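**Q** Data: my_file.cif, mmCIF, C-alpha atoms.
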data_target
loop_
_atom_site.label_atom_id
_atom_site.label_comp_id
_atom_site.auth_asym_id
_atom_site.auth_seq_id
_atom_site.Cartn_x
_atom_site.Cartn_y
_atom_site.Cartn_z
CA MET R 24 17.33 33.26 -60.43
CA ASN R 25 16.56 36.13 -58.06
CA ASN R 26 12.89 35.44 -58.49
CA SER R 27 13.21 31.81 -57.29
CA LYS R 28 15.39 32.96 -54.36
CA SER R 29 12.73 35.49 -53.40
CA ILE R 30 10.03 32.82 -53.55
CA TRP R 31 12.19 30.52 -51.42
CA ILE R 32 12.74 33.24 -48.79
CA ILE R 33 9.01 34.08 -48.73
CA MET R 34 8.13 30.40 -48.24
CA VAL R 35 10.60 30.08 -45.34
CA LEU R 36 9.21 33.25 -43.73
CA ILE R 37 5.64 31.94 -44.09
CA ALA R 38 6.65 28.59 -42.56
CA VAL R 39 8.32 30.35 -39.61
CA ALA R 40 5.29 32.62 -39.16
CA LEU R 41 2.94 29.60 -39.18
CA GLY R 42 5.15 27.79 -36.68
CA VAL R 43 5.21 30.77 -34.32
CA ASN R 44 1.44 31.18 -34.72
CA TYR R 45 0.92 27.47 -33.98
CA TYR R 46 3.10 27.68 -30.87
CA PHE R 47 1.30 30.67 -29.41
CA THR R 48 -2.14 29.42 -30.41
CA PHE R 49 -1.93 25.82 -29.28
CA GLN R 50 1.02 25.48 -26.94
CA SER R 51 0.32 28.29 -24.50
CA GLY R 52 -3.12 27.05 -23.35
CA LYS R 53 -3.86 26.19 -19.75
CA LEU R 54 -4.24 22.42 -19.45
CA ALA R 55 -5.26 20.17 -16.59
CA MET R 56 -6.04 16.53 -15.94
CA VAL R 57 -8.30 14.71 -13.50
CA ASP R 58 -8.09 11.05 -12.58
CA SER R 59 -11.69 10.09 -13.37
CA ASN R 60 -11.62 6.88 -11.33
CA LYS R 61 -10.27 8.63 -8.23
CA LEU R 62 -12.69 11.50 -8.71
CA LEU R 63 -15.70 9.18 -8.79
CA GLN R 64 -14.43 7.08 -5.87
CA HIS R 65 -14.14 10.15 -3.65
CA TYR R 66 -17.09 12.20 -4.88
CA GLN R 67 -19.74 12.20 -2.14
CA GLY R 68 -22.53 12.22 -4.73
CA MET R 69 -21.27 8.91 -6.15
CA ILE R 70 -20.71 7.47 -2.68
CA ASN R 71 -24.29 8.34 -1.66
CA ALA R 72 -25.72 7.01 -4.93
CA ARG R 73 -23.85 3.71 -4.49
CA ASN R 74 -25.10 3.42 -0.89
CA GLU R 75 -28.71 4.05 -1.99
CA PHE R 76 -28.30 1.46 -4.73
CA ALA R 77 -26.87 -1.04 -2.23
CA VAL R 78 -29.96 -0.62 -0.02
CA LYS R 79 -32.22 -1.34 -3.01
CA ALA R 80 -30.08 -4.35 -3.96
CA LYS R 81 -30.39 -5.75 -0.42
CA GLY R 82 -34.18 -5.46 -0.66
CA TRP R 83 -34.19 -7.25 -3.98
CA GLN R 84 -31.92 -9.96 -2.61
CA ALA R 85 -34.17 -10.39 0.45
CA ASN R 86 -37.12 -11.00 -1.89
CA ILE R 87 -35.10 -13.53 -3.88
CA ASP R 88 -34.02 -15.25 -0.67
CA THR R 89 -37.65 -15.45 0.51
CA LEU R 90 -38.80 -16.98 -2.77
CA ALA R 91 -35.89 -19.44 -2.73
CA LYS R 92 -36.67 -20.43 0.86
CA GLU R 93 -40.33 -21.00 0.00
CA LEU R 94 -39.28 -23.16 -2.94
CA ASN R 95 -36.86 -25.19 -0.79
CA THR R 96 -39.51 -25.63 1.90
CA SER R 97 -42.00 -26.86 -0.70
CA MET R 98 -39.45 -29.30 -2.08
CA GLU R 99 -38.55 -30.62 1.37
CA GLU R 100 -42.21 -31.05 2.32
CA TYR R 101 -42.86 -32.83 -0.97
CA GLN R 102 -39.94 -35.21 -0.39
CA SER R 103 -41.13 -36.07 3.12
CA ASP R 104 -44.81 -36.38 2.12
CA LYS R 105 -44.18 -38.12 -1.22
CA PRO R 106 -44.63 -41.71 0.02
CA SER R 107 -48.10 -40.95 1.38
CA LEU R 108 -49.36 -38.89 -1.59
CA SER R 109 -51.59 -40.16 -4.34
CA SER R 110 -50.33 -39.91 -7.91
CA LYS R 111 -52.68 -36.95 -8.50
CA GLU R 112 -51.38 -35.16 -5.39
CA LYS R 113 -47.81 -35.85 -6.49
CA GLU R 114 -48.53 -34.42 -9.93
CA LEU R 115 -50.16 -31.27 -8.50
CA THR R 116 -47.37 -30.76 -5.98
CA GLU R 117 -44.70 -31.17 -8.66
CA GLN R 118 -46.52 -28.65 -10.85
CA LEU R 119 -46.67 -26.23 -7.93
CA ILE R 120 -42.95 -26.66 -7.27
CA GLN R 121 -42.16 -26.14 -10.97
CA SER R 122 -44.31 -23.02 -10.96
CA LYS R 123 -42.51 -21.63 -7.89
CA SER R 124 -39.16 -22.47 -9.47
CA LYS R 125 -40.14 -20.63 -12.66
CA GLN R 126 -41.36 -17.64 -10.64
CA LEU R 127 -38.03 -17.51 -8.83
CA VAL R 128 -36.01 -17.64 -12.07
CA ASP R 129 -38.27 -15.04 -13.72
CA TYR R 130 -37.98 -12.74 -10.71
CA GLN R 131 -34.20 -13.14 -10.59
CA ASN R 132 -33.96 -12.26 -14.30
CA ALA R 133 -36.27 -9.26 -13.90
CA ILE R 134 -34.31 -8.00 -10.90
CA SER R 135 -31.03 -8.46 -12.74
CA GLN R 136 -32.31 -6.35 -15.64
CA GLN R 137 -33.78 -3.73 -13.31
CA SER R 138 -30.55 -3.62 -11.34
CA GLN R 139 -28.46 -3.03 -14.46
CA GLN R 140 -30.87 -0.38 -15.71
CA GLU R 141 -31.03 1.49 -12.41
CA ASP R 142 -27.24 1.29 -11.98
CA GLY R 143 -26.78 2.75 -15.47
CA ILE R 144 -29.26 5.57 -14.81
CA MET R 145 -27.66 6.36 -11.44
CA THR R 146 -24.15 6.33 -12.88
CA GLN R 147 -25.15 8.55 -15.80
CA ARG R 148 -26.82 11.01 -13.43
CA VAL R 149 -23.67 11.30 -11.34
CA LEU R 150 -21.46 11.57 -14.44
CA ASN R 151 -23.66 14.40 -15.71
CA GLU R 152 -23.25 16.20 -12.35
CA VAL R 153 -19.48 15.76 -12.48
CA ASN R 154 -19.21 16.83 -16.13
CA THR R 155 -21.33 19.93 -15.51
CA PHE R 156 -19.18 20.80 -12.51
CA LEU R 157 -15.94 20.27 -14.46
CA THR R 158 -17.19 22.44 -17.31
CA ASP R 159 -18.09 25.27 -14.94
CA TYR R 160 -14.89 24.80 -12.94
CA GLY R 161 -12.75 24.78 -16.08
CA LYS R 162 -14.33 28.00 -17.30
CA SER R 163 -14.04 29.75 -13.93
CA GLN R 164 -10.39 28.73 -13.51
CA GLY R 165 -9.41 29.66 -17.07
CA TYR R 166 -8.57 26.16 -18.30
CA ASP R 167 -8.54 25.62 -22.04
CA VAL R 168 -8.74 21.85 -21.65
CA ILE R 169 -9.35 19.44 -18.76
CA PHE R 170 -8.45 15.89 -19.70
CA GLY R 171 -9.93 12.87 -17.95
CA ALA R 172 -7.58 9.97 -17.26
CA THR R 173 -9.51 6.72 -16.97
CA GLY R 174 -6.72 4.21 -16.52
CA GLY R 175 -7.33 2.86 -20.00
CA GLY R 176 -4.19 4.41 -21.43
CA ASN R 177 -5.60 7.61 -22.87
CA ILE R 178 -3.32 9.66 -20.58
CA ILE R 179 -0.23 7.86 -19.43
CA TYR R 180 1.75 10.63 -17.75
CA THR R 181 1.30 14.23 -16.65
CA ARG R 182 3.34 16.48 -14.44
CA ASP R 183 1.95 16.79 -10.95
CA TYR R 184 0.91 20.41 -11.36
CA ILE R 185 -1.40 19.43 -14.24
CA ASP R 186 -3.28 16.88 -12.08
CA ILE R 187 -6.08 18.81 -10.36
CA THR R 188 -8.01 15.76 -9.16
CA ASP R 189 -7.71 16.41 -5.42
CA GLU R 190 -8.64 20.08 -5.85
CA VAL R 191 -11.68 19.13 -7.94
CA ILE R 192 -12.79 16.45 -5.45
CA GLU R 193 -12.64 18.99 -2.62
CA LYS R 194 -14.64 21.63 -4.51
CA LEU R 195 -17.08 19.13 -6.02
CA ASN R 196 -17.87 17.67 -2.60
CA ALA R 197 -18.23 21.17 -1.18
CA SER R 198 -20.79 21.99 -3.88
CA TYR R 199 -22.69 18.72 -3.24
#
Would you give me this structure, written as structure tokens?

**A**
Amino acid sequence: MNNSKSIWIIMVLIAVALGVNYYFTFQSGKLAMVDSNKLLQHYQGMINARNEFAVKAKGWQANIDTLAKELNTSMEEYQSDKPSLSSKEKELTEQLIQSKSKQLVDYQNAISQQSQQEDGIMTQRVLNEVNTFLTDYGKSQGYDVIFGATGGGNIIYTRDYIDITDEVIEKLNASY
């Protein structure tokens, strides 16, 4: 009987020791959170990248608009000249219009793909900059973990003192 009581007491002491160890190991770490969406909206590197991308997109759109205008002009000229054209001229003009229409659609598709690809590359480049900064910042400030809240429900609530977003934005922009 004493032997089973001793085993019981030892098991309780081990459980208490493990609980205390768990508390001091995992509960006493320095934690922080950044609002990832806010961080990217206010990071000058992302703002500049988006502005550069917008300039490229305007250039692409200007090319699309030029091709579309040429196609519309060709169609209008064909409609006005159609009564006086021979059947061979009509056929050639229609083929030319179809060719221009196909070129426009092909160019639009190519630009759409290029736009998505360049946006992805630009976004990944900025995210890499931010992640590198956060890693270095976390180490220099003694954080054990910096969580990123994305608005998708992964972090629902934190106390204000845990949210270091504004501080990170300020220092990240200063390092940019």

**Q** Quick one: contact table of segment 126-167 of chain R to segment 61-71 of chain R, 9 Å max, nearest atom pair and distance in Å to one decimal per residue, counting all atoms listed in the file, chain and number order, as JSON lines?

**A**
{"residue": "R:Met145", "atom": "CA", "partner": "R:Met69", "partner_atom": "CA", "distance": 8.7}
{"residue": "R:Thr146", "atom": "CA", "partner": "R:Met69", "partner_atom": "CA", "distance": 7.8}
{"residue": "R:Val149", "atom": "CA", "partner": "R:Met69", "partner_atom": "CA", "distance": 6.2}
{"residue": "R:Leu150", "atom": "CA", "partner": "R:Leu63", "partner_atom": "CA", "distance": 8.4}
{"residue": "R:Glu152", "atom": "CA", "partner": "R:Gly68", "partner_atom": "CA", "distance": 8.6}
{"residue": "R:Val153", "atom": "CA", "partner": "R:Leu63", "partner_atom": "CA", "distance": 8.4}

**Q** Given the file shown, enumerate the residues that the PyMOL selection byres ((chain R and resi 166) around 8) captures and present them as a PyMOL selection string.

**A** chain R and resi 52-55+161-165+167-169

**Q** Deliver the residues from the most recent selection as a file, using C-alpha atoms, as an mmCIF file, in the coordinates of the input.

**A**
data_model
loop_
_atom_site.group_PDB
_atom_site.id
_atom_site.type_symbol
_atom_site.label_atom_id
_atom_site.label_comp_id
_atom_site.auth_asym_id
_atom_site.auth_seq_id
_atom_site.Cartn_x
_atom_site.Cartn_y
_atom_site.Cartn_z
ATOM 1 C CA GLY R 52 -3.120 27.050 -23.350
ATOM 2 C CA LYS R 53 -3.860 26.190 -19.750
ATOM 3 C CA LEU R 54 -4.240 22.420 -19.450
ATOM 4 C CA ALA R 55 -5.260 20.170 -16.590
ATOM 5 C CA GLY R 161 -12.750 24.780 -16.080
ATOM 6 C CA LYS R 162 -14.330 28.000 -17.300
ATOM 7 C CA SER R 163 -14.040 29.750 -13.930
ATOM 8 C CA GLN R 164 -10.390 28.730 -13.510
ATOM 9 C CA GLY R 165 -9.410 29.660 -17.070
ATOM 10 C CA ASP R 167 -8.540 25.620 -22.040
ATOM 11 C CA VAL R 168 -8.740 21.850 -21.650
ATOM 12 C CA ILE R 169 -9.350 19.440 -18.760
#

**Q** May I ask for the distance between atom CA of Ser198 of chain R and atom CA of Glu75 of chain R, given in Å to one decimal place?

**A**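 Pair atom CA of Ser198 of chain R / atom CA of Glu75 of chain R returns 19.7 Å.
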
**Q** Once you count all atoms listed in the file, what closest atom pair and distance in Å to one decimal does each residue of segment 70-94 of chain R within 12 Å of segment 98-106 of chain R have, with rows by chain and rising residue number, as a Markdown table?

**A**
| residue | atom | partner | partner_atom | distance |
| --- | --- | --- | --- | --- |
| R:Ala91 | CA | R:Met98 | CA | 10.5 |
| R:Lys92 | CA | R:Met98 | CA | 9.7 |
| R:Glu93 | CA | R:Met98 | CA | 8.6 |
| R:Leu94 | CA | R:Met98 | CA | 6.2 |

**Q** Suppose you want the space between atom CA of Gln140 of chain R and atom CA of Thr89 of chain R; what is it in Å?

**A**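 Taking atom CA of Gln140 of chain R as the start and atom CA of Thr89 of chain R as the end point, the length is 23.2 Å.
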